[in-house]
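K.L.:
Mind looking over this structure? Questions follow.
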Amino acid sequence: MSMQDTATRKLLERAAPGRVDFENLVVVPLFAVVAALILGALTMLATNVEPATIGRSYLALLQGSVGSLGAISETLTAAAPLILAGLGLALGFRAGLFNIGAEGQILMGGMAAVICGFSFSHLPFAVLMPLCVISGGAAGAFYASIAGWLRAATGAHEVITTIMLNMISYRLVDYMLRLPWVQRPGRADPISQSVPPNAELPALLQWLDPNLRLHAGIFLTLLAVVVVHWLLFRTKLGFEFRASGASPEAARYAGMRASLIIVLAMATAGMLAGLAGANQVLGVLGRASPGFSAGIGFDAIAVALLGRSHPVGVLFAGLLFGALEAGGRQMQVDAGVSIDLIGIIQALIIVFIAAPLLVRALFPWGFRRPDSGDGRS
(Lines give C-alpha, C1' and ligand atoms only; values in the text may rest on other atoms or scores of the structure.)
Protein backbone atom coordinates (compact mmCIF):
# COMPACT_ATOMS: atom_id res chain seq x y z
CA MET A 1 0.00 0.00 0.00
CA SER A 2 1.45 3.35 -1.03
CA MET A 3 1.91 6.23 1.38
CA GLN A 4 -0.82 8.16 -0.44
CA ASP A 5 -3.27 5.28 -0.06
CA THR A 6 -2.39 4.96 3.62
CA ALA A 7 -2.94 8.67 4.21
CA THR A 8 -6.26 8.53 2.35
CA ARG A 9 -7.41 5.56 4.41
CA LYS A 10 -6.53 7.29 7.67
CA LEU A 11 -8.34 10.42 6.58
CA LEU A 12 -11.47 8.39 5.79
CA GLU A 13 -11.24 6.67 9.16
CA ARG A 14 -11.15 10.05 10.89
CA ALA A 15 -14.14 11.26 8.89
CA ALA A 16 -16.18 8.08 9.56
CA PRO A 17 -14.46 6.08 12.31
CA GLY A 18 -17.25 3.50 12.59
CA ARG A 19 -15.63 0.39 14.02
CA VAL A 20 -12.96 2.30 15.95
CA ASP A 21 -15.55 4.43 17.74
CA PHE A 22 -17.66 1.34 18.47
CA GLU A 23 -14.71 -0.44 20.03
CA ASN A 24 -13.74 2.54 22.19
CA LEU A 25 -17.29 3.33 23.28
CA VAL A 26 -18.75 -0.15 23.70
CA VAL A 27 -16.27 -3.01 23.50
CA VAL A 28 -13.53 -1.64 25.78
CA PRO A 29 -15.94 -0.66 28.62
CA LEU A 30 -17.77 -3.99 28.30
CA PHE A 31 -14.60 -6.03 28.63
CA ALA A 32 -13.41 -3.71 31.43
CA VAL A 33 -16.54 -4.60 33.41
CA VAL A 34 -16.07 -8.33 32.71
CA ALA A 35 -12.42 -8.20 33.81
CA ALA A 36 -13.38 -6.27 36.96
CA LEU A 37 -16.01 -8.87 37.90
CA ILE A 38 -13.51 -11.70 37.35
CA LEU A 39 -10.88 -10.00 39.49
CA GLY A 40 -13.56 -9.23 42.09
CA ALA A 41 -14.27 -12.95 42.33
CA LEU A 42 -10.55 -13.70 42.63
CA THR A 43 -10.33 -11.09 45.39
CA MET A 44 -13.06 -12.88 47.31
CA LEU A 45 -11.28 -16.20 46.82
CA ALA A 46 -8.08 -14.65 48.18
CA THR A 47 -9.97 -13.59 51.31
CA ASN A 48 -11.22 -17.15 51.95
CA VAL A 49 -14.72 -16.68 50.55
CA GLU A 50 -16.18 -19.98 49.36
CA PRO A 51 -16.85 -20.35 45.61
CA ALA A 52 -20.52 -21.09 46.36
CA THR A 53 -20.74 -17.82 48.29
CA ILE A 54 -19.16 -15.96 45.38
CA GLY A 55 -21.82 -17.38 43.07
CA ARG A 56 -24.59 -16.38 45.50
CA SER A 57 -23.15 -12.90 45.85
CA TYR A 58 -23.12 -12.26 42.09
CA LEU A 59 -26.63 -13.71 41.79
CA ALA A 60 -27.76 -11.38 44.58
CA LEU A 61 -26.03 -8.51 42.77
CA LEU A 62 -28.08 -9.28 39.66
CA GLN A 63 -31.34 -9.75 41.54
CA GLY A 64 -30.82 -6.61 43.62
CA SER A 65 -30.29 -4.50 40.52
CA VAL A 66 -32.80 -5.81 37.95
CA GLY A 67 -34.49 -8.79 39.57
CA SER A 68 -37.74 -7.06 40.53
CA LEU A 69 -39.67 -3.84 40.08
CA GLY A 70 -38.28 -2.61 43.40
CA ALA A 71 -34.73 -3.44 42.30
CA ILE A 72 -35.16 -1.60 39.00
CA SER A 73 -36.61 1.36 40.89
CA GLU A 74 -33.57 1.51 43.18
CA THR A 75 -31.17 1.14 40.24
CA LEU A 76 -32.75 4.03 38.33
CA THR A 77 -32.97 6.17 41.48
CA ALA A 78 -29.26 5.67 42.16
CA ALA A 79 -28.30 6.12 38.50
CA ALA A 80 -30.07 9.45 37.84
CA PRO A 81 -27.70 11.77 39.77
CA LEU A 82 -24.66 9.80 38.58
CA ILE A 83 -25.69 10.29 34.96
CA LEU A 84 -26.40 14.01 35.41
CA ALA A 85 -23.07 14.69 37.12
CA GLY A 86 -21.26 12.35 34.73
CA LEU A 87 -22.64 14.26 31.75
CA GLY A 88 -21.17 17.46 33.17
CA LEU A 89 -17.78 15.88 33.70
CA ALA A 90 -17.84 14.28 30.26
CA LEU A 91 -18.61 17.64 28.66
CA GLY A 92 -15.66 19.15 30.50
CA PHE A 93 -13.40 16.32 29.36
CA ARG A 94 -14.50 16.91 25.78
CA ALA A 95 -13.50 20.56 26.16
CA GLY A 96 -10.08 19.59 27.52
CA LEU A 97 -10.98 20.47 31.13
CA PHE A 98 -10.47 17.99 33.95
CA ASN A 99 -13.27 19.22 36.19
CA ILE A 100 -13.33 17.12 39.35
CA GLY A 101 -15.45 19.59 41.28
CA ALA A 102 -18.81 17.90 40.69
CA GLU A 103 -19.06 17.08 44.39
CA GLY A 104 -19.04 20.75 45.39
CA GLN A 105 -21.33 21.69 42.53
CA ILE A 106 -23.83 19.03 43.64
CA LEU A 107 -23.78 20.43 47.17
CA MET A 108 -24.34 23.99 45.98
CA GLY A 109 -27.10 22.94 43.61
CA GLY A 110 -28.84 20.90 46.28
CA MET A 111 -28.67 23.70 48.83
CA ALA A 112 -30.07 26.21 46.35
CA ALA A 113 -32.96 23.88 45.49
CA VAL A 114 -33.81 23.28 49.16
CA ILE A 115 -33.65 26.97 50.09
CA CYS A 116 -35.77 27.91 47.08
CA GLY A 117 -38.31 25.25 48.05
CA PHE A 118 -39.02 26.28 51.62
CA SER A 119 -38.58 30.00 50.90
CA PHE A 120 -41.34 30.05 48.29
CA SER A 121 -43.52 27.28 49.64
CA HIS A 122 -46.67 29.29 48.88
CA LEU A 123 -46.15 28.91 45.12
CA PRO A 124 -48.05 26.18 43.23
CA PHE A 125 -46.34 22.98 42.16
CA ALA A 126 -46.26 23.95 38.46
CA VAL A 127 -44.16 27.01 39.37
CA LEU A 128 -42.20 25.97 42.44
CA MET A 129 -40.83 22.60 41.33
CA PRO A 130 -39.33 23.89 38.06
CA LEU A 131 -38.06 26.98 39.91
CA CYS A 132 -36.23 24.78 42.42
CA VAL A 133 -34.72 22.65 39.66
CA ILE A 134 -33.57 25.77 37.79
CA SER A 135 -32.13 27.21 41.02
CA GLY A 136 -30.08 24.07 41.54
CA GLY A 137 -28.70 24.16 38.01
CA ALA A 138 -27.91 27.88 38.25
CA ALA A 139 -26.08 27.48 41.57
CA GLY A 140 -23.97 24.63 40.19
CA ALA A 141 -23.19 26.64 37.06
CA PHE A 142 -22.11 29.67 39.07
CA TYR A 143 -19.93 27.60 41.40
CA ALA A 144 -18.17 25.81 38.53
CA SER A 145 -17.70 29.03 36.57
CA ILE A 146 -15.46 30.29 39.38
CA ALA A 147 -12.90 27.64 38.46
CA GLY A 148 -13.47 28.38 34.76
CA TRP A 149 -12.86 32.09 35.25
CA LEU A 150 -9.72 31.43 37.30
CA ARG A 151 -8.39 29.16 34.53
CA ALA A 152 -9.21 31.68 31.80
CA ALA A 153 -8.01 34.80 33.65
CA THR A 154 -5.01 33.55 35.61
CA GLY A 155 -4.12 30.14 34.18
CA ALA A 156 -4.88 28.41 37.51
CA HIS A 157 -5.36 24.73 36.74
CA GLU A 158 -8.94 23.54 37.15
CA VAL A 159 -7.88 20.38 38.98
CA ILE A 160 -6.45 22.43 41.86
CA THR A 161 -9.24 25.01 41.93
CA THR A 162 -12.06 22.46 41.79
CA ILE A 163 -10.45 20.45 44.61
CA MET A 164 -10.31 23.60 46.71
CA LEU A 165 -13.88 24.50 45.79
CA ASN A 166 -14.97 21.02 46.89
CA MET A 167 -13.41 21.61 50.29
CA ILE A 168 -14.99 25.05 50.53
CA SER A 169 -18.42 23.65 49.64
CA TYR A 170 -18.34 21.21 52.59
CA ARG A 171 -17.72 23.99 55.08
CA LEU A 172 -20.13 26.34 53.33
CA VAL A 173 -22.93 23.78 53.62
CA ASP A 174 -22.11 23.26 57.31
CA TYR A 175 -22.32 27.02 57.84
CA MET A 176 -25.58 27.45 55.95
CA LEU A 177 -27.24 24.57 57.79
CA ARG A 178 -26.61 26.43 61.07
CA LEU A 179 -28.31 29.62 59.93
CA PRO A 180 -31.58 30.13 61.84
CA TRP A 181 -33.63 30.68 58.70
CA VAL A 182 -32.26 27.50 57.07
CA GLN A 183 -32.05 25.08 60.01
CA ARG A 184 -35.16 23.08 60.83
CA PRO A 185 -36.95 24.60 63.84
CA GLY A 186 -36.48 22.68 67.07
CA ARG A 187 -33.37 20.85 65.87
CA ALA A 188 -29.88 21.34 67.28
CA ASP A 189 -28.14 19.34 64.54
CA PRO A 190 -27.39 20.84 61.12
CA ILE A 191 -30.50 19.80 59.20
CA SER A 192 -32.31 22.10 56.80
CA GLN A 193 -36.00 22.72 56.65
CA SER A 194 -37.87 20.15 54.60
CA VAL A 195 -38.74 20.61 50.96
CA PRO A 196 -42.49 21.29 50.73
CA PRO A 197 -44.60 18.73 48.85
CA ASN A 198 -45.29 21.21 46.04
CA ALA A 199 -41.54 21.42 45.32
CA GLU A 200 -40.82 17.68 45.24
CA LEU A 201 -40.13 15.70 42.09
CA PRO A 202 -43.23 13.48 41.81
CA ALA A 203 -42.88 9.79 42.66
CA LEU A 204 -43.75 7.60 39.69
CA LEU A 205 -44.54 4.18 41.12
CA GLN A 206 -45.96 4.79 44.60
CA TRP A 207 -49.42 3.93 43.30
CA LEU A 208 -48.07 0.38 42.98
CA ASP A 209 -45.98 0.31 46.15
CA PRO A 210 -45.34 3.20 48.58
CA ASN A 211 -41.76 1.96 49.04
CA LEU A 212 -40.78 2.47 45.40
CA ARG A 213 -38.60 5.61 45.28
CA LEU A 214 -38.31 6.20 41.54
CA HIS A 215 -39.28 9.79 40.77
CA ALA A 216 -39.64 12.19 37.85
CA GLY A 217 -35.96 13.07 38.01
CA ILE A 218 -35.36 10.14 35.66
CA PHE A 219 -37.12 12.10 32.90
CA LEU A 220 -34.91 15.10 33.64
CA THR A 221 -31.91 12.80 33.33
CA LEU A 222 -32.96 11.37 29.96
CA LEU A 223 -33.70 14.87 28.68
CA ALA A 224 -30.22 15.97 29.78
CA VAL A 225 -28.63 13.10 27.82
CA VAL A 226 -30.46 14.17 24.66
CA VAL A 227 -29.65 17.86 25.14
CA VAL A 228 -25.95 17.26 25.85
CA HIS A 229 -25.66 14.99 22.82
CA TRP A 230 -27.32 17.67 20.68
CA LEU A 231 -25.12 20.37 22.18
CA LEU A 232 -21.87 18.50 21.62
CA PHE A 233 -22.49 17.10 18.15
CA ARG A 234 -25.08 19.36 16.52
CA THR A 235 -24.24 22.92 17.56
CA LYS A 236 -21.47 25.41 16.88
CA LEU A 237 -20.79 25.76 20.61
CA GLY A 238 -20.37 22.00 20.99
CA PHE A 239 -17.96 21.96 18.07
CA GLU A 240 -15.96 24.69 19.75
CA PHE A 241 -15.91 22.67 22.99
CA ARG A 242 -14.60 19.61 21.16
CA ALA A 243 -12.16 21.55 19.01
CA SER A 244 -10.75 23.33 22.04
CA GLY A 245 -10.35 20.01 23.83
CA ALA A 246 -8.67 18.34 20.85
CA SER A 247 -6.25 21.18 20.08
CA PRO A 248 -6.45 24.47 22.01
CA GLU A 249 -3.80 26.09 19.80
CA ALA A 250 -5.62 25.19 16.59
CA ALA A 251 -8.91 26.42 18.07
CA ARG A 252 -7.36 29.78 18.93
CA TYR A 253 -5.79 29.99 15.48
CA ALA A 254 -9.25 29.39 13.98
CA GLY A 255 -10.58 32.41 15.85
CA MET A 256 -12.33 30.66 18.72
CA ARG A 257 -12.38 32.60 21.99
CA ALA A 258 -10.54 30.18 24.26
CA SER A 259 -11.26 32.02 27.52
CA LEU A 260 -14.98 32.22 26.85
CA ILE A 261 -15.09 28.55 25.85
CA ILE A 262 -13.43 27.55 29.13
CA VAL A 263 -15.90 29.51 31.26
CA LEU A 264 -18.93 28.30 29.27
CA ALA A 265 -17.79 24.67 29.38
CA MET A 266 -17.22 24.79 33.13
CA ALA A 267 -20.53 26.57 33.73
CA THR A 268 -22.44 24.02 31.65
CA ALA A 269 -20.74 21.15 33.47
CA GLY A 270 -21.55 22.75 36.80
CA MET A 271 -25.17 23.24 35.79
CA LEU A 272 -25.54 19.51 35.14
CA ALA A 273 -23.92 18.69 38.50
CA GLY A 274 -26.20 21.24 40.19
CA LEU A 275 -29.18 19.48 38.61
CA ALA A 276 -27.89 16.24 40.13
CA GLY A 277 -27.93 17.92 43.56
CA ALA A 278 -31.46 19.23 42.98
CA ASN A 279 -32.48 15.74 41.86
CA GLN A 280 -31.33 14.30 45.18
CA VAL A 281 -32.90 16.80 47.55
CA LEU A 282 -36.16 17.20 45.62
CA GLY A 283 -36.66 13.56 44.72
CA VAL A 284 -34.95 11.41 47.36
CA LEU A 285 -33.84 13.20 50.53
CA GLY A 286 -36.38 15.97 50.96
CA ARG A 287 -33.89 18.11 52.89
CA ALA A 288 -30.20 18.94 53.12
CA SER A 289 -27.69 17.70 55.68
CA PRO A 290 -23.87 17.68 55.87
CA GLY A 291 -22.40 15.65 53.03
CA PHE A 292 -25.76 14.85 51.44
CA SER A 293 -23.98 14.44 48.10
CA ALA A 294 -22.68 11.08 49.43
CA GLY A 295 -19.70 11.00 47.08
CA ILE A 296 -21.83 11.09 43.92
CA GLY A 297 -19.55 13.73 42.41
CA PHE A 298 -16.52 11.48 42.74
CA ASP A 299 -18.35 8.37 41.46
CA ALA A 300 -19.43 10.46 38.48
CA ILE A 301 -15.77 10.73 37.42
CA ALA A 302 -15.75 6.96 36.97
CA VAL A 303 -19.07 7.15 35.11
CA ALA A 304 -17.68 9.75 32.69
CA LEU A 305 -14.53 7.69 32.13
CA LEU A 306 -16.44 4.44 31.63
CA GLY A 307 -18.78 6.22 29.22
CA ARG A 308 -15.77 7.48 27.22
CA SER A 309 -17.06 11.05 27.64
CA HIS A 310 -19.94 10.33 25.27
CA PRO A 311 -23.50 11.14 26.43
CA VAL A 312 -24.89 7.74 25.45
CA GLY A 313 -21.92 6.02 27.04
CA VAL A 314 -22.44 8.03 30.24
CA LEU A 315 -26.09 6.95 30.27
CA PHE A 316 -25.21 3.27 30.22
CA ALA A 317 -22.26 3.70 32.59
CA GLY A 318 -24.52 5.50 35.07
CA LEU A 319 -27.06 2.68 34.83
CA LEU A 320 -24.28 0.17 35.51
CA PHE A 321 -23.02 2.04 38.56
CA GLY A 322 -26.58 2.51 39.78
CA ALA A 323 -27.08 -1.24 39.42
CA LEU A 324 -23.87 -1.92 41.35
CA GLU A 325 -25.04 0.36 44.15
CA ALA A 326 -28.53 -1.12 44.34
CA GLY A 327 -27.36 -4.71 43.89
CA GLY A 328 -24.50 -4.29 46.35
CA ARG A 329 -26.92 -3.80 49.21
CA GLN A 330 -28.76 -7.00 48.25
CA MET A 331 -25.45 -8.83 47.91
CA GLN A 332 -24.48 -7.83 51.43
CA VAL A 333 -27.79 -9.05 52.86
CA ASP A 334 -28.16 -12.32 50.92
CA ALA A 335 -24.56 -13.53 50.67
CA GLY A 336 -22.96 -11.76 53.64
CA VAL A 337 -20.25 -10.26 51.41
CA SER A 338 -18.88 -6.86 52.38
CA ILE A 339 -20.27 -3.88 50.50
CA ASP A 340 -16.64 -2.82 50.06
CA LEU A 341 -16.43 -5.36 47.25
CA ILE A 342 -18.53 -3.00 45.11
CA GLY A 343 -15.93 -0.30 45.68
CA ILE A 344 -13.23 -2.74 44.60
CA ILE A 345 -15.13 -3.62 41.42
CA GLN A 346 -15.69 0.05 40.61
CA ALA A 347 -11.99 0.79 41.16
CA LEU A 348 -11.00 -2.12 38.91
CA ILE A 349 -13.33 -0.85 36.18
CA ILE A 350 -11.60 2.52 36.34
CA VAL A 351 -8.17 0.86 36.14
CA PHE A 352 -9.10 -1.08 33.02
CA ILE A 353 -10.79 1.91 31.39
CA ALA A 354 -7.64 3.94 32.03
CA ALA A 355 -5.56 1.22 30.34
CA PRO A 356 -7.42 0.23 27.15
CA LEU A 357 -4.30 -1.44 25.75
CA LEU A 358 -4.41 -3.83 28.70
CA VAL A 359 -8.04 -4.66 27.91
CA ARG A 360 -7.13 -5.27 24.27
CA ALA A 361 -4.26 -7.52 25.38
CA LEU A 362 -6.52 -9.54 27.70
CA PHE A 363 -9.30 -9.93 25.12
CA PRO A 364 -7.56 -9.77 21.71
CA TRP A 365 -10.28 -11.77 19.98
CA GLY A 366 -12.80 -9.00 20.66
CA PHE A 367 -11.03 -6.34 18.62
CA ARG A 368 -10.21 -5.81 14.96
CA ARG A 369 -6.59 -6.32 14.10
CA PRO A 370 -4.85 -3.12 12.94
CA ASP A 371 -3.60 -3.04 9.36
CA SER A 372 0.09 -3.80 9.07
CA GLY A 373 0.62 -0.90 6.65
CA ASP A 374 2.04 -3.07 3.85
CA GLY A 375 -1.26 -3.99 2.27
CA ARG A 376 -1.90 -7.00 4.52
CA SER A 377 -4.42 -7.03 7.41
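How things are named: the first chain in the C-alpha coordinates is A, the next is B, and so on; residues count from 1 in each chain; ligands count from 1 in the order shown.
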With DSSP run on the backbone, what are the alpha helix (DSSP H) residues within range 94-211 of chain A? I'd like them as a ChimeraX atom specification.

P.N.:
/A:94,102-119,125-154,158-176

K.L.:
Using only C-alpha atoms, which protein or nucleic acid residues come within 6 Å of range 126-130 of chain A? Drop anything in the same chain fewer than 3 positions from it, and give the result as a ChimeraX atom specification.

P.N.:
/A:123,133,199

K.L.:
Using only C-alpha atoms, which residues sit within 10 Å of Ser119 in chain A once same-chain residues fewer than 6 positions away are excluded, as an MDAnalysis selection string?

P.N.:
chainID A and resid 113 181:182 193 195:196

K.L.:
Could the residues of range 155-232 of chain A that have an atom at most 9 Å from range 49-73 of chain A be listed as CSV, each with its closest atom pair and the distance in Å to one decimal, counting only C-alpha atoms and ordered by chain and ascending residue number?

P.N.:
residue,atom,partner,partner_atom,distance
A:Leu205,CA,A:Ser73,CA,8.4
A:Asp209,CA,A:Gly70,CA,8.7
A:Asn211,CA,A:Gly70,CA,8.1
A:Leu212,CA,A:Gly70,CA,6.0
A:Arg213,CA,A:Ser73,CA,6.4
A:Leu214,CA,A:Ser73,CA,5.2
A:His215,CA,A:Ser73,CA,8.8

K.L.:
Store the residues picked out above, limited to N, CA, C and O atoms, as a PDB file, in the first residue's frame.

P.N.:
ATOM      1  N   LEU A 205     -44.028   5.534  40.943  1.00  0.00           N
ATOM      2  CA  LEU A 205     -44.545   4.177  41.123  1.00  0.00           C
ATOM      3  C   LEU A 205     -45.190   3.940  42.484  1.00  0.00           C
ATOM      4  O   LEU A 205     -45.495   2.790  42.818  1.00  0.00           O
ATOM      5  N   ASP A 209     -46.588   0.668  44.858  1.00  0.00           N
ATOM      6  CA  ASP A 209     -45.979   0.314  46.146  1.00  0.00           C
ATOM      7  C   ASP A 209     -45.404   1.589  46.752  1.00  0.00           C
ATOM      8  O   ASP A 209     -44.562   2.241  46.128  1.00  0.00           O
ATOM      9  N   ASN A 211     -43.196   2.033  48.783  1.00  0.00           N
ATOM     10  CA  ASN A 211     -41.761   1.964  49.044  1.00  0.00           C
ATOM     11  C   ASN A 211     -40.908   2.185  47.795  1.00  0.00           C
ATOM     12  O   ASN A 211     -39.684   2.255  47.897  1.00  0.00           O
ATOM     13  N   LEU A 212     -41.533   2.273  46.624  1.00  0.00           N
ATOM     14  CA  LEU A 212     -40.776   2.474  45.395  1.00  0.00           C
ATOM     15  C   LEU A 212     -40.400   3.948  45.268  1.00  0.00           C
ATOM     16  O   LEU A 212     -41.268   4.818  45.239  1.00  0.00           O
ATOM     17  N   ARG A 213     -39.092   4.229  45.188  1.00  0.00           N
ATOM     18  CA  ARG A 213     -38.603   5.606  45.280  1.00  0.00           C
ATOM     19  C   ARG A 213     -38.367   6.287  43.939  1.00  0.00           C
ATOM     20  O   ARG A 213     -37.991   7.458  43.910  1.00  0.00           O
ATOM     21  N   LEU A 214     -38.577   5.600  42.843  1.00  0.00           N
ATOM     22  CA  LEU A 214     -38.310   6.203  41.539  1.00  0.00           C
ATOM     23  C   LEU A 214     -39.187   7.442  41.349  1.00  0.00           C
ATOM     24  O   LEU A 214     -40.385   7.419  41.604  1.00  0.00           O
ATOM     25  N   HIS A 215     -38.570   8.526  40.890  1.00  0.00           N
ATOM     26  CA  HIS A 215     -39.280   9.791  40.773  1.00  0.00           C
ATOM     27  C   HIS A 215     -39.045  10.401  39.398  1.00  0.00           C
ATOM     28  O   HIS A 215     -38.307   9.860  38.558  1.00  0.00           O
TER      29      HIS A 215
END

K.L.:
List every residue of range 86-167 of chain A that has an atom at most 10 Å from any atom of range 252-273 of chain A, and for each one report the closest atom pair and its distance in Å to one decimal, counting only C-alpha atoms, with rows sorted by chain and then by increasing residue number, as a Markdown table.

P.N.:
| residue | atom | partner | partner_atom | distance |
| --- | --- | --- | --- | --- |
| A:Gly86 | CA | A:Ala273 | CA | 7.8 |
| A:Leu87 | CA | A:Leu272 | CA | 6.9 |
| A:Gly88 | CA | A:Ala269 | CA | 3.7 |
| A:Leu89 | CA | A:Ala269 | CA | 6.0 |
| A:Ala90 | CA | A:Ala269 | CA | 8.1 |
| A:Leu91 | CA | A:Ala269 | CA | 6.3 |
| A:Gly92 | CA | A:Ala265 | CA | 6.0 |
| A:Phe93 | CA | A:Ala265 | CA | 9.4 |
| A:Arg94 | CA | A:Ala265 | CA | 9.2 |
| A:Ala95 | CA | A:Ala265 | CA | 6.8 |
| A:Gly96 | CA | A:Ile262 | CA | 8.8 |
| A:Leu97 | CA | A:Ile262 | CA | 7.7 |
| A:Phe98 | CA | A:Met266 | CA | 9.6 |
| A:Asn99 | CA | A:Met266 | CA | 7.5 |
| A:Gly101 | CA | A:Gly270 | CA | 8.2 |
| A:Ala102 | CA | A:Ala273 | CA | 5.6 |
| A:Glu103 | CA | A:Ala273 | CA | 7.8 |
| A:Gly104 | CA | A:Ala273 | CA | 8.7 |
| A:Gln105 | CA | A:Ala273 | CA | 5.6 |
| A:Ile106 | CA | A:Ala273 | CA | 5.1 |
| A:Leu107 | CA | A:Ala273 | CA | 8.8 |
| A:Met108 | CA | A:Ala273 | CA | 9.2 |
| A:Gly109 | CA | A:Ala273 | CA | 7.4 |
| A:Gly110 | CA | A:Ala273 | CA | 9.5 |
| A:Ile134 | CA | A:Met271 | CA | 9.0 |
| A:Ser135 | CA | A:Met271 | CA | 9.6 |
| A:Gly136 | CA | A:Met271 | CA | 7.6 |
| A:Gly137 | CA | A:Met271 | CA | 4.3 |
| A:Ala138 | CA | A:Met271 | CA | 5.9 |
| A:Ala139 | CA | A:Met271 | CA | 7.2 |
| A:Gly140 | CA | A:Gly270 | CA | 4.6 |
| A:Ala141 | CA | A:Met271 | CA | 4.1 |
| A:Phe142 | CA | A:Ala267 | CA | 6.4 |
| A:Tyr143 | CA | A:Gly270 | CA | 6.9 |
| A:Ala144 | CA | A:Gly270 | CA | 4.9 |
| A:Ser145 | CA | A:Ala267 | CA | 4.7 |
| A:Ile146 | CA | A:Val263 | CA | 8.2 |
| A:Ala147 | CA | A:Met266 | CA | 7.4 |
| A:Gly148 | CA | A:Val263 | CA | 4.4 |
| A:Trp149 | CA | A:Val263 | CA | 5.6 |
| A:Leu150 | CA | A:Val263 | CA | 8.9 |
| A:Arg151 | CA | A:Ile262 | CA | 7.5 |
| A:Ala152 | CA | A:Ser259 | CA | 4.8 |
| A:Ala153 | CA | A:Ser259 | CA | 7.5 |
| A:Gly155 | CA | A:Ser259 | CA | 9.9 |
| A:Glu158 | CA | A:Met266 | CA | 9.3 |

K.L.:
So which one's closest to Leu204 in chain A, A:Arg187, A:Ala243, A:Thr77, A:Leu179? Using only C-alpha atoms, please.

P.N.:
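Using only C-alpha atoms, the shortest distance to Leu204 in chain A belongs to A:Thr77.
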
K.L.:
Within 12 Å of range 289-298 of chain A, which residues of range 178-247 of chain A come that close, and what is the closest atom pair and distance in Å for each? Count only C-alpha atoms and give it as CSV.

P.N.:
residue,atom,partner,partner_atom,distance
A:Arg178,CA,A:Ser289,CA,10.3
A:Val182,CA,A:Ser289,CA,10.9
A:Gln183,CA,A:Ser289,CA,9.6
A:Arg184,CA,A:Ser289,CA,10.5
A:Asp189,CA,A:Ser289,CA,9.0
A:Pro190,CA,A:Ser289,CA,6.3
A:Ile191,CA,A:Ser289,CA,5.0
A:Ser192,CA,A:Ser289,CA,6.5
A:Gln193,CA,A:Ser289,CA,9.8
A:Ser194,CA,A:Ser289,CA,10.5

K.L.:
Using N, CA and C atoms, can you write the selected residues to a file as a CSV table (one decimal), in the first residue's frame?

P.N.:
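Saved to selection-v1.csv:
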chain,number,residue,atom,x,y,z
A,178,ARG,N,-26.5,25.9,59.7
A,178,ARG,CA,-26.6,26.4,61.1
A,178,ARG,C,-27.3,27.8,61.1
A,182,VAL,N,-32.4,28.7,57.9
A,182,VAL,CA,-32.3,27.5,57.1
A,182,VAL,C,-32.5,26.3,57.9
A,183,GLN,N,-32.0,26.3,59.1
A,183,GLN,CA,-32.1,25.1,60.0
A,183,GLN,C,-33.5,24.8,60.4
A,184,ARG,N,-33.8,23.5,60.5
A,184,ARG,CA,-35.2,23.1,60.8
A,184,ARG,C,-35.5,23.5,62.3
A,189,ASP,N,-29.1,19.8,65.5
A,189,ASP,CA,-28.1,19.3,64.5
A,189,ASP,C,-28.3,20.1,63.2
A,190,PRO,N,-27.3,20.1,62.4
A,190,PRO,CA,-27.4,20.8,61.1
A,190,PRO,C,-28.3,20.1,60.1
A,191,ILE,N,-29.5,20.3,60.2
A,191,ILE,CA,-30.5,19.8,59.2
A,191,ILE,C,-31.4,20.9,58.7
A,192,SER,N,-31.5,21.0,57.4
A,192,SER,CA,-32.3,22.1,56.8
A,192,SER,C,-33.8,21.9,57.0
A,193,GLN,N,-34.6,22.9,56.7
A,193,GLN,CA,-36.0,22.7,56.7
A,193,GLN,C,-36.3,21.8,55.5
A,194,SER,N,-37.5,21.1,55.6
A,194,SER,CA,-37.9,20.2,54.6
A,194,SER,C,-38.4,20.8,53.3

K.L.:
Suppose you want the space between CA of Thr161 in chain A and CA of Ala250 in chain A; what is it in Å?

P.N.:
25.6 Å

K.L.:
Counting only C-alpha atoms, which residue out of A:Leu341, A:Val284, A:His229, A:Gly307 sits closest to Glu74 in chain A?

P.N.:
A:Val284

K.L.:
One decimal, Å: what's the distance from CA of Ala41 in chain A over to CA of Ile345 in chain A, could you say?

P.N.:
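It comes out at 9.4 Å.
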